[in-house]
Amino acid sequence: MRPPVFKGRLHDARTATSIGRLLGVAIAICFGTGLISHYLQHPPGWLADYLPSRPSWGYRLTQGLHVASGIAAIPLLLAKLWTVYPRLFAWPPVRSVRHALERLSVAVLVAGAVFELLTGLLNTVQWYPWPFSFVPVHFAVAWLLAGALTLHVAVKYPDIKEHWSRKSPGTPALPAADGPDRRSFLTGVTAAVGAVTLTTVGQSFTPLKTFDVLAPRHPDHGPQSLPVNKTAAAAGVGQVDPAAYLLTVDGPRPYTLTLAELSAITQHASVLPIACVEGWSKSARWTGVRMTDLLRRAGAPPDARVRVTSLEKYGSYRVMEMGREYAHDPLTLLALTLNGQPLTPDHGYPARIIAPNRPGVLQTKWVTRLEVL
């Protein structure tokens, strides 16, 4: 049996609805997981102490889904725009109040979706060819996109209901000859989504890392077989002299530790992932001193937060705060080794933070000071 031949006539409501359902799911997943990522990185003061440190793999899952759904949405958005573009140039441009709302929602929806997916994709490769700060603008436009999508679905609900399935009232009214072409088109779009997902999701879902050929990171590539985003050189951290290193712990009973003294404290191991906002992640075995032990020695109360300062000279994350759930989780370490070997400079030698369910940018490297808050 010969496969059906696509002739390009499918600018109809049934095709648009079929693609729109998939695109709506992808955008909803991307929006929901994006909110999680934003509030884990930038929690308001009242929320910081209530952010959960478990499950330890939580951020790895949600951020992996965020990036994967965003990448999957790109071919879906292109297909959706192809199905509806003749109507974008219909004349007259406004025929009624309902039509005006529809056009407004479409304009904001298209602009917001293109902006979010394009800037999000460029963020995964850490390329920022624009003058504004990525995080707050991306976050704000995400809300704009969510609102435009909600308005668009409300306005188009009668059409969506009319063409939701093959048994919906409006579907049989379409030319029957377009059925095979529509199925071919939808199969092609599904295959494109599957292809971009398969070749990128391995950067976080490591069982598929063999197919990770289009993602900007491979989970095994980097010092000690673990990727890094910022090297010691990029952070302005020179060669740290282990004999001169001091960790300052400031609290009710302040003290300092040399690297030798820090290494002599009882060491604990945690298997935790590094999960970065760009979508890549990988678990590793970390060994070091529990944060709870360091805080207890400093006389910290059980609900204390911690401010962590890095030797890093450049960057907005050189000072980081940990809420009480993270600071007092027994898995949270001031790590000294990675997979049984001393940290390399790019992984934060001589000491770095590793905590469960935590964005990678907050796993502070080159730690020099802990302050009980």
# chains A, B, ... in the order shown; residues from 1 in each chain; ligands from 1
call {"tool": "closest_atom_pairs", "arguments": {"of": "region 129-159 of chain A", "to": "region 42-54 of chain A", "cutoff": "12 Å", "atoms": "only C-alpha atoms", "output": "CSV"}}
result
residue,atom,partner,partner_atom,distance
A:Val135,CA,A:His42,CA,9.9
A:Pro136,CA,A:His42,CA,10.1
A:Phe139,CA,A:His42,CA,11.2
call {"tool": "residues_around", "arguments": {"residues": "Gln41 (chain A)", "least_positions_apart": "5", "cutoff": "10 Å", "atoms": "only C-alpha atoms", "output": "PyMOL selection string"}}
result
chain A and resi 35-36+48+277+320+358-362
call {"tool": "write_last_selection", "arguments": {"atoms": "all heavy atoms", "output": "tab-separated table (two decimals), in the first residue's frame"}}
result
chain	number	residue	atom	x	y	z
A	35	LEU	N	7.90	27.81	36.33
A	35	LEU	CA	7.58	28.45	37.61
A	35	LEU	C	8.36	27.80	38.75
A	35	LEU	O	8.89	28.49	39.63
A	35	LEU	CB	6.08	28.36	37.89
A	35	LEU	CG	5.14	29.19	37.03
A	35	LEU	CD1	3.70	29.04	37.52
A	35	LEU	CD2	5.53	30.66	37.03
A	36	ILE	N	8.41	26.47	38.74
A	36	ILE	CA	9.18	25.77	39.77
A	36	ILE	C	10.64	26.21	39.73
A	36	ILE	O	11.25	26.51	40.77
A	36	ILE	CB	9.06	24.25	39.56
A	36	ILE	CG1	7.63	23.79	39.83
A	36	ILE	CG2	10.05	23.51	40.48
A	36	ILE	CD1	7.38	22.34	39.48
A	48	ALA	N	11.42	31.17	51.20
A	48	ALA	CA	12.74	30.54	51.17
A	48	ALA	C	12.89	29.38	52.16
A	48	ALA	O	13.52	28.37	51.84
A	48	ALA	CB	13.82	31.60	51.46
A	277	VAL	N	20.03	24.92	34.86
A	277	VAL	CA	18.87	25.53	34.23
A	277	VAL	C	18.86	25.30	32.72
A	277	VAL	O	17.81	25.37	32.09
A	277	VAL	CB	18.80	27.04	34.54
A	277	VAL	CG1	18.59	27.27	36.02
A	277	VAL	CG2	20.05	27.77	34.06
A	320	MET	N	25.16	33.27	47.93
A	320	MET	CA	23.93	32.49	47.82
A	320	MET	C	23.37	32.24	49.21
A	320	MET	O	24.13	32.10	50.17
A	320	MET	CB	24.24	31.17	47.10
A	320	MET	CG	23.10	30.17	47.05
A	320	MET	SD	23.04	29.07	48.52
A	320	MET	CE	24.47	28.04	48.26
A	358	ARG	N	18.15	21.10	44.12
A	358	ARG	CA	18.70	22.46	44.10
A	358	ARG	C	19.21	22.78	42.70
A	358	ARG	O	19.91	21.97	42.08
A	358	ARG	CB	19.86	22.52	45.08
A	358	ARG	CG	20.39	23.89	45.41
A	358	ARG	CD	19.61	24.52	46.51
A	358	ARG	NE	20.38	25.62	47.10
A	358	ARG	CZ	19.82	26.71	47.59
A	358	ARG	NH1	18.52	26.84	47.57
A	358	ARG	NH2	20.56	27.67	48.13
A	359	PRO	N	18.88	23.95	42.14
A	359	PRO	CA	19.44	24.33	40.84
A	359	PRO	C	20.96	24.41	40.89
A	359	PRO	O	21.55	24.80	41.90
A	359	PRO	CB	18.83	25.73	40.59
A	359	PRO	CG	17.59	25.76	41.43
A	359	PRO	CD	17.91	24.94	42.64
A	360	GLY	N	21.59	24.07	39.77
A	360	GLY	CA	23.05	24.04	39.71
A	360	GLY	C	23.70	25.37	40.02
A	360	GLY	O	24.79	25.41	40.61
A	361	VAL	N	23.06	26.48	39.63
A	361	VAL	CA	23.66	27.79	39.89
A	361	VAL	C	23.75	28.10	41.38
A	361	VAL	O	24.52	28.98	41.79
A	361	VAL	CB	22.88	28.93	39.18
A	361	VAL	CG1	23.02	28.82	37.68
A	361	VAL	CG2	21.41	28.93	39.60
A	362	LEU	N	22.98	27.36	42.20
A	362	LEU	CA	23.02	27.57	43.65
A	362	LEU	C	23.87	26.54	44.37
A	362	LEU	O	23.96	26.56	45.60
A	362	LEU	CB	21.59	27.55	44.22
A	362	LEU	CG	20.63	28.60	43.64
A	362	LEU	CD1	19.26	28.47	44.29
A	362	LEU	CD2	21.18	30.01	43.78
call {"tool": "closest_atom_pairs", "arguments": {"of": "region 87-133 of chain A", "to": "region 14-28 of chain A", "cutoff": "12 Å", "atoms": "only C-alpha atoms", "output": "CSV"}}
result
residue,atom,partner,partner_atom,distance
A:Arg87,CA,A:Ala16,CA,11.4
A:Leu109,CA,A:Ile27,CA,11.3
A:Gly112,CA,A:Ile27,CA,11.3
A:Ala113,CA,A:Ile27,CA,8.7
A:Val114,CA,A:Ile27,CA,11.7
A:Glu116,CA,A:Ile27,CA,10.1
A:Leu117,CA,A:Ile27,CA,9.7
call {"tool": "closest_residue", "arguments": {"among": "A:Trp366, A:Tyr85, A:Tyr349, A:Trp164", "to": "Val106 (chain A)", "atoms": "only C-alpha atoms"}}
result
A:Tyr85
call {"tool": "select_by_dssp", "arguments": {"residues": "region 61-170 of chain A", "states": "helix (DSSP H, G or I)", "output": "PyMOL selection string"}}
result
chain A and resi 61-88+97-124+134-162
call {"tool": "atom_distance", "arguments": {"atom1": "CA of Ile354 (chain A)", "atom2": "CA of Leu331 (chain A)"}}
result
8.2 Å
call {"tool": "residues_around", "arguments": {"residues": "Ile74 (chain A)", "least_positions_apart": "3", "cutoff": "9 Å", "atoms": "only C-alpha atoms", "output": "VMD selection string"}}
result
chain A and resid 23 69 to 71 77 to 79 114 117 to 118 193
call {"tool": "closest_residue", "arguments": {"among": "A:Val213, A:Val141, A:Ala355, A:Ala191", "to": "Ser270 (chain A)", "atoms": "only C-alpha atoms"}}
result
A:Ala355
call {"tool": "decode", "arguments": {"residues": "region 12-33 of chain A", "atoms": "N, CA, C and O atoms", "output": "short mmCIF file (atom, residue, chain, number, x, y, z; two decimals), in the first residue's frame"}}
result
data_model
loop_
_atom_site.label_atom_id
_atom_site.label_comp_id
_atom_site.auth_asym_id
_atom_site.auth_seq_id
_atom_site.Cartn_x
_atom_site.Cartn_y
_atom_site.Cartn_z
N ASP A 12 -7.00 24.04 7.96
CA ASP A 12 -8.38 23.92 8.43
C ASP A 12 -8.41 23.78 9.94
O ASP A 12 -7.39 23.54 10.59
N ALA A 13 -9.64 23.91 10.48
CA ALA A 13 -9.80 23.92 11.94
C ALA A 13 -9.46 22.57 12.56
O ALA A 13 -8.95 22.51 13.68
N ARG A 14 -9.73 21.48 11.88
CA ARG A 14 -9.44 20.16 12.44
C ARG A 14 -7.93 19.96 12.61
O ARG A 14 -7.45 19.51 13.65
N THR A 15 -7.14 20.33 11.59
CA THR A 15 -5.69 20.20 11.68
C THR A 15 -5.13 21.13 12.74
O THR A 15 -4.27 20.74 13.54
N ALA A 16 -5.64 22.37 12.75
CA ALA A 16 -5.17 23.34 13.75
C ALA A 16 -5.48 22.87 15.17
O ALA A 16 -4.66 23.03 16.07
N THR A 17 -6.66 22.28 15.36
CA THR A 17 -7.02 21.79 16.70
C THR A 17 -6.15 20.62 17.11
O THR A 17 -5.70 20.54 18.27
N SER A 18 -5.88 19.71 16.18
CA SER A 18 -5.05 18.54 16.51
C SER A 18 -3.64 18.96 16.92
O SER A 18 -3.09 18.46 17.90
N ILE A 19 -3.05 19.91 16.16
CA ILE A 19 -1.72 20.40 16.52
C ILE A 19 -1.78 21.24 17.80
O ILE A 19 -0.91 21.15 18.67
N GLY A 20 -2.84 22.03 17.91
CA GLY A 20 -2.98 22.91 19.07
C GLY A 20 -3.06 22.17 20.38
O GLY A 20 -2.56 22.64 21.41
N ARG A 21 -3.70 20.98 20.37
CA ARG A 21 -3.77 20.20 21.61
C ARG A 21 -2.38 19.82 22.09
O ARG A 21 -2.05 19.96 23.27
N LEU A 22 -1.55 19.33 21.17
CA LEU A 22 -0.19 18.93 21.54
C LEU A 22 0.64 20.14 21.97
O LEU A 22 1.38 20.09 22.95
N LEU A 23 0.51 21.24 21.22
CA LEU A 23 1.27 22.45 21.56
C LEU A 23 0.82 23.00 22.91
O LEU A 23 1.66 23.44 23.72
N GLY A 24 -0.47 22.94 23.19
CA GLY A 24 -0.96 23.42 24.48
C GLY A 24 -0.42 22.62 25.64
O GLY A 24 -0.05 23.18 26.68
N VAL A 25 -0.33 21.30 25.47
CA VAL A 25 0.24 20.45 26.53
C VAL A 25 1.71 20.79 26.74
O VAL A 25 2.18 20.92 27.89
N ALA A 26 2.47 20.95 25.64
CA ALA A 26 3.89 21.27 25.76
C ALA A 26 4.09 22.60 26.46
O ALA A 26 4.96 22.73 27.35
N ILE A 27 3.30 23.61 26.10
CA ILE A 27 3.44 24.93 26.71
C ILE A 27 3.03 24.87 28.19
O ILE A 27 3.67 25.50 29.05
N ALA A 28 1.98 24.12 28.51
CA ALA A 28 1.55 24.01 29.90
C ALA A 28 2.63 23.37 30.77
O ALA A 28 2.91 23.83 31.89
N ILE A 29 3.25 22.29 30.26
CA ILE A 29 4.34 21.65 31.01
C ILE A 29 5.52 22.60 31.16
O ILE A 29 6.11 22.73 32.24
N CYS A 30 5.85 23.28 30.07
CA CYS A 30 6.99 24.21 30.10
C CYS A 30 6.72 25.36 31.08
O CYS A 30 7.61 25.75 31.84
N PHE A 31 5.50 25.88 31.08
CA PHE A 31 5.15 26.98 31.98
C PHE A 31 5.19 26.53 33.44
O PHE A 31 5.79 27.20 34.29
N GLY A 32 4.56 25.38 33.74
CA GLY A 32 4.52 24.90 35.12
C GLY A 32 5.90 24.60 35.67
O GLY A 32 6.24 25.00 36.80
N THR A 33 6.72 23.91 34.90
CA THR A 33 8.07 23.59 35.38
C THR A 33 8.95 24.83 35.41
O THR A 33 9.87 24.92 36.23
#
